[in-house]
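Novice: What follows is entry-v3.cif, made up of mmCIF, N, CA and C atoms:
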```
data_model
#
loop_
_atom_site.label_atom_id
_atom_site.label_comp_id
_atom_site.auth_asym_id
_atom_site.auth_seq_id
_atom_site.Cartn_x
_atom_site.Cartn_y
_atom_site.Cartn_z
N MET A 1 0.85 -1.17 0.00
CA MET A 1 0.00 0.00 0.00
C MET A 1 0.89 1.24 0.00
N ASN A 2 0.53 2.20 -0.79
CA ASN A 2 1.25 3.45 -0.87
C ASN A 2 1.02 4.25 0.40
N LYS A 3 2.10 4.75 1.03
CA LYS A 3 1.98 5.52 2.27
C LYS A 3 1.18 6.80 2.09
N ASP A 4 1.15 7.35 0.89
CA ASP A 4 0.41 8.59 0.64
C ASP A 4 -1.10 8.36 0.58
N LEU A 5 -1.55 7.12 0.43
CA LEU A 5 -2.97 6.82 0.28
C LEU A 5 -3.60 6.28 1.57
N ARG A 6 -2.96 6.50 2.70
CA ARG A 6 -3.53 6.03 3.96
C ARG A 6 -4.81 6.79 4.28
N THR A 7 -5.76 6.07 4.83
CA THR A 7 -7.03 6.68 5.23
C THR A 7 -7.00 6.98 6.73
N ALA A 8 -8.04 7.67 7.20
CA ALA A 8 -8.14 7.97 8.62
C ALA A 8 -8.23 6.70 9.45
N ALA A 9 -8.88 5.67 8.91
CA ALA A 9 -9.00 4.40 9.62
C ALA A 9 -7.64 3.74 9.81
N ASP A 10 -6.71 3.97 8.88
CA ASP A 10 -5.37 3.40 9.00
C ASP A 10 -4.53 4.14 10.04
N THR A 11 -4.81 5.41 10.25
CA THR A 11 -3.95 6.21 11.14
C THR A 11 -4.52 6.37 12.54
N GLN A 12 -5.81 6.08 12.74
CA GLN A 12 -6.41 6.22 14.07
C GLN A 12 -6.96 4.88 14.52
N PRO A 13 -6.85 4.62 15.83
CA PRO A 13 -7.46 3.38 16.32
C PRO A 13 -8.98 3.44 16.17
N ILE A 14 -9.56 2.31 15.88
CA ILE A 14 -11.00 2.24 15.67
C ILE A 14 -11.75 2.61 16.94
N GLU A 15 -11.23 2.22 18.10
CA GLU A 15 -11.90 2.54 19.37
C GLU A 15 -12.04 4.05 19.56
N ALA A 16 -11.02 4.81 19.22
CA ALA A 16 -11.08 6.26 19.37
C ALA A 16 -12.15 6.85 18.46
N ALA A 17 -12.26 6.31 17.26
CA ALA A 17 -13.29 6.79 16.33
C ALA A 17 -14.67 6.44 16.86
N MET A 18 -14.84 5.25 17.43
CA MET A 18 -16.13 4.85 18.01
C MET A 18 -16.51 5.75 19.17
N GLU A 19 -15.56 6.10 20.01
CA GLU A 19 -15.84 6.99 21.15
C GLU A 19 -16.37 8.33 20.67
N ARG A 20 -15.80 8.87 19.61
CA ARG A 20 -16.27 10.15 19.09
C ARG A 20 -17.69 10.04 18.53
N VAL A 21 -17.98 8.95 17.84
CA VAL A 21 -19.31 8.74 17.28
C VAL A 21 -20.34 8.60 18.40
N ILE A 22 -20.01 7.80 19.41
CA ILE A 22 -20.92 7.60 20.53
C ILE A 22 -21.15 8.90 21.27
N ALA A 23 -20.10 9.67 21.48
CA ALA A 23 -20.24 10.95 22.18
C ALA A 23 -21.19 11.89 21.43
N LYS A 24 -21.19 11.84 20.12
CA LYS A 24 -22.09 12.68 19.33
C LYS A 24 -23.53 12.19 19.41
N MET A 25 -23.73 10.88 19.59
CA MET A 25 -25.06 10.29 19.59
C MET A 25 -25.77 10.49 20.93
N LEU A 26 -25.01 10.57 22.03
CA LEU A 26 -25.62 10.64 23.35
C LEU A 26 -26.08 12.07 23.66
N PRO A 27 -27.21 12.20 24.34
CA PRO A 27 -27.64 13.53 24.78
C PRO A 27 -26.61 14.10 25.76
N LYS A 28 -26.45 15.41 25.74
CA LYS A 28 -25.43 16.05 26.55
C LYS A 28 -25.80 16.15 28.03
N ASN A 29 -27.09 16.14 28.36
CA ASN A 29 -27.48 16.36 29.75
C ASN A 29 -27.50 15.09 30.58
N ASP A 30 -27.39 13.91 30.00
CA ASP A 30 -27.42 12.66 30.74
C ASP A 30 -26.01 12.13 30.91
N GLU A 31 -25.77 11.59 32.10
CA GLU A 31 -24.50 10.92 32.34
C GLU A 31 -24.74 9.42 32.19
N TYR A 32 -23.92 8.77 31.40
CA TYR A 32 -24.07 7.35 31.15
C TYR A 32 -22.93 6.59 31.81
N LEU A 33 -23.25 5.38 32.26
CA LEU A 33 -22.27 4.50 32.88
C LEU A 33 -22.08 3.26 32.02
N THR A 34 -20.87 2.76 31.98
CA THR A 34 -20.61 1.50 31.31
C THR A 34 -21.07 0.36 32.21
N ARG A 35 -21.04 -0.87 31.72
CA ARG A 35 -21.43 -2.02 32.53
C ARG A 35 -20.55 -2.11 33.77
N LYS A 36 -19.26 -1.93 33.59
CA LYS A 36 -18.33 -2.04 34.70
C LYS A 36 -18.58 -0.94 35.74
N GLN A 37 -18.77 0.29 35.28
CA GLN A 37 -19.04 1.40 36.20
C GLN A 37 -20.35 1.18 36.96
N CYS A 38 -21.36 0.69 36.26
CA CYS A 38 -22.66 0.43 36.89
C CYS A 38 -22.53 -0.66 37.95
N ALA A 39 -21.84 -1.74 37.64
CA ALA A 39 -21.65 -2.83 38.60
C ALA A 39 -20.88 -2.34 39.82
N GLU A 40 -19.88 -1.50 39.60
CA GLU A 40 -19.11 -0.96 40.72
C GLU A 40 -19.98 -0.06 41.60
N ARG A 41 -20.81 0.76 40.99
CA ARG A 41 -21.68 1.66 41.75
C ARG A 41 -22.68 0.87 42.60
N LEU A 42 -23.17 -0.25 42.06
CA LEU A 42 -24.15 -1.06 42.77
C LEU A 42 -23.49 -2.11 43.67
N HIS A 43 -22.17 -2.25 43.58
CA HIS A 43 -21.41 -3.25 44.35
C HIS A 43 -21.90 -4.66 44.04
N ILE A 44 -22.02 -4.95 42.73
CA ILE A 44 -22.44 -6.26 42.27
C ILE A 44 -21.48 -6.74 41.18
N THR A 45 -21.60 -8.01 40.82
CA THR A 45 -20.77 -8.56 39.74
C THR A 45 -21.46 -8.33 38.39
N LEU A 46 -20.71 -8.52 37.32
CA LEU A 46 -21.29 -8.36 35.98
C LEU A 46 -22.38 -9.38 35.69
N PRO A 47 -22.24 -10.65 36.12
CA PRO A 47 -23.36 -11.58 35.91
C PRO A 47 -24.64 -11.14 36.65
N THR A 48 -24.49 -10.59 37.85
CA THR A 48 -25.65 -10.10 38.59
C THR A 48 -26.27 -8.92 37.86
N LEU A 49 -25.45 -8.05 37.31
CA LEU A 49 -25.94 -6.92 36.53
C LEU A 49 -26.74 -7.42 35.33
N HIS A 50 -26.24 -8.44 34.66
CA HIS A 50 -26.94 -9.02 33.52
C HIS A 50 -28.31 -9.57 33.96
N SER A 51 -28.33 -10.19 35.11
CA SER A 51 -29.59 -10.72 35.66
C SER A 51 -30.57 -9.59 35.94
N TYR A 52 -30.09 -8.48 36.49
CA TYR A 52 -30.95 -7.32 36.76
C TYR A 52 -31.55 -6.77 35.47
N ILE A 53 -30.79 -6.79 34.40
CA ILE A 53 -31.30 -6.31 33.10
C ILE A 53 -32.42 -7.24 32.62
N ASN A 54 -32.18 -8.55 32.71
CA ASN A 54 -33.18 -9.52 32.27
C ASN A 54 -34.46 -9.46 33.08
N LYS A 55 -34.35 -9.17 34.38
CA LYS A 55 -35.51 -9.09 35.26
C LYS A 55 -36.23 -7.74 35.17
N GLY A 56 -35.63 -6.76 34.49
CA GLY A 56 -36.25 -5.45 34.36
C GLY A 56 -35.95 -4.51 35.51
N VAL A 57 -35.01 -4.88 36.35
CA VAL A 57 -34.62 -4.01 37.47
C VAL A 57 -33.89 -2.78 36.92
N LEU A 58 -33.07 -2.98 35.90
CA LEU A 58 -32.32 -1.89 35.26
C LEU A 58 -32.61 -1.89 33.76
N VAL A 59 -32.55 -0.71 33.17
CA VAL A 59 -32.72 -0.57 31.74
C VAL A 59 -31.35 -0.31 31.12
N ALA A 60 -30.99 -1.12 30.14
CA ALA A 60 -29.71 -0.97 29.44
C ALA A 60 -29.96 -0.37 28.06
N TYR A 61 -29.07 0.49 27.64
CA TYR A 61 -29.15 1.12 26.32
C TYR A 61 -27.98 0.63 25.49
N LYS A 62 -28.29 0.04 24.34
CA LYS A 62 -27.25 -0.46 23.45
C LYS A 62 -26.96 0.59 22.39
N ILE A 63 -25.71 0.96 22.28
CA ILE A 63 -25.26 1.88 21.24
C ILE A 63 -24.07 1.20 20.58
N GLY A 64 -24.31 0.71 19.38
CA GLY A 64 -23.28 -0.09 18.72
C GLY A 64 -23.06 -1.36 19.52
N ARG A 65 -21.85 -1.61 19.91
CA ARG A 65 -21.52 -2.79 20.71
C ARG A 65 -21.51 -2.48 22.20
N ARG A 66 -21.73 -1.25 22.57
CA ARG A 66 -21.63 -0.84 23.97
C ARG A 66 -22.97 -0.91 24.67
N THR A 67 -22.94 -1.29 25.92
CA THR A 67 -24.11 -1.29 26.77
C THR A 67 -23.91 -0.20 27.81
N LEU A 68 -24.85 0.74 27.85
CA LEU A 68 -24.74 1.87 28.77
C LEU A 68 -25.98 1.98 29.64
N PHE A 69 -25.82 2.63 30.78
CA PHE A 69 -26.90 2.84 31.73
C PHE A 69 -26.95 4.31 32.10
N LYS A 70 -28.17 4.86 32.21
CA LYS A 70 -28.31 6.24 32.66
C LYS A 70 -28.03 6.29 34.15
N SER A 71 -27.19 7.21 34.54
CA SER A 71 -26.79 7.35 35.94
C SER A 71 -28.00 7.57 36.84
N GLU A 72 -28.93 8.42 36.41
CA GLU A 72 -30.10 8.72 37.24
C GLU A 72 -30.99 7.48 37.41
N GLU A 73 -31.07 6.62 36.40
CA GLU A 73 -31.87 5.40 36.50
C GLU A 73 -31.22 4.38 37.42
N VAL A 74 -29.90 4.34 37.43
CA VAL A 74 -29.18 3.45 38.34
C VAL A 74 -29.42 3.91 39.78
N ASP A 75 -29.34 5.21 40.02
CA ASP A 75 -29.59 5.75 41.35
C ASP A 75 -31.03 5.49 41.79
N ALA A 76 -31.98 5.61 40.87
CA ALA A 76 -33.39 5.35 41.19
C ALA A 76 -33.60 3.88 41.54
N ALA A 77 -32.89 2.98 40.84
CA ALA A 77 -33.01 1.55 41.13
C ALA A 77 -32.47 1.23 42.52
N LEU A 78 -31.48 1.98 42.98
CA LEU A 78 -30.94 1.79 44.32
C LEU A 78 -31.99 2.10 45.39
N ASN A 79 -32.83 3.09 45.12
CA ASN A 79 -33.81 3.55 46.09
C ASN A 79 -35.13 2.79 46.02
N LYS A 80 -35.35 2.05 44.94
CA LYS A 80 -36.60 1.33 44.75
C LYS A 80 -36.57 0.01 45.52
N LYS A 81 -37.70 -0.35 46.08
CA LYS A 81 -37.80 -1.60 46.84
C LYS A 81 -38.41 -2.68 45.95
N TYR A 82 -37.84 -3.87 45.97
CA TYR A 82 -38.32 -4.98 45.17
C TYR A 82 -38.75 -6.11 46.09
N ILE A 83 -39.82 -6.80 45.72
CA ILE A 83 -40.29 -7.96 46.45
C ILE A 83 -39.76 -9.18 45.73
N ILE A 84 -39.04 -10.01 46.46
CA ILE A 84 -38.47 -11.22 45.87
C ILE A 84 -39.39 -12.38 46.22
N LYS A 85 -39.91 -13.03 45.20
CA LYS A 85 -40.79 -14.18 45.40
C LYS A 85 -39.94 -15.44 45.31
N ARG A 86 -40.07 -16.27 46.30
CA ARG A 86 -39.32 -17.53 46.31
C ARG A 86 -40.31 -18.68 46.35
N GLY A 87 -39.96 -19.76 45.69
CA GLY A 87 -40.82 -20.94 45.70
C GLY A 87 -40.76 -21.67 47.02
N LEU A 88 -41.76 -22.49 47.26
CA LEU A 88 -41.76 -23.29 48.48
C LEU A 88 -40.79 -24.45 48.34
N CYS A 89 -40.20 -24.86 49.45
CA CYS A 89 -39.24 -25.96 49.44
C CYS A 89 -39.89 -27.29 49.28
#
```
For the structure just supplied, provide its representation as structure tokens.
Specialist:
Amino acid sequence: MNKDLRTAADTQPIEAAMERVIAKMLPKNDEYLTRKQCAERLHITLPTLHSYINKGVLVAYKIGRRTLFKSEEVDAALNKKYIIKRGLC
């Protein structure tokens, strides 16, 4: 390949380009958390976080390959009380 014909994709890491695209897509007034940040804030593991998403305890937003959570919704989930139903032994 001729060095003069390099494209932006050849000179920049793809992750950096994705970050810029995602930053443009997200509303400016909301703070978003990654899966890892959300799990750390809730003091839970990633599998437990996945379970919370499946049960509807938390709402996850998919943007490309990334899963994000609204900070205010995570805080609201902390304050909400849930009834856990268990089967009889």
Novice: Run the PyMOL selection byres (((chain A and resi 58-60 and name CA) around 10) and name CA) against the file shown and list the residues it catches, as a ChimeraX atom specification.
Specialist: /A:33-35,49-57,61-63,66-70,73-74,76-78
Novice: What gap, in Å, lies between atom CA of A:Glu31 and atom C of A:Glu72?
Specialist: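 Distance reported for this atom pair: 8.9 Å.
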Novice: Write down as a ChimeraX atom specification the residues of stretch 28-85 of chain A whose backbone DSSP state falls under strand (DSSP E or B).
Specialist: /A:32-34,61-63,66-70
Novice: Interatomic distance between atom N of A:Arg20 and atom CA of A:His43?
Specialist: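 Between these atoms lies a distance of 28.1 Å.
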Novice: Expressed in Å to a single decimal, how great is the separation between atom N of A:Tyr32 and atom C of A:Ser71?
Specialist: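 If I compute the distance from atom N of A:Tyr32 to atom C of A:Ser71, I get 6.9 Å.
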Novice: Hey, could you pull the box centre and edge lengths for stretch 60-73 of chain A, axis-aligned, 5 Å padding per side, all listed atoms, to one decimal in Å, as AutoDock Vina command-line options?
Specialist:
```
--center_x -26.7 --center_y 3.0 --center_z 28.1 --size_x 20.4 --size_y 21.5 --size_z 28.7
```
Novice: A:Lys36, A:Arg65, A:Lys80, A:Leu46: which is nearest A:Ile22, counting only C-alpha atoms?
Specialist: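 Result for the nearest residue to A:Ile22: A:Arg65.
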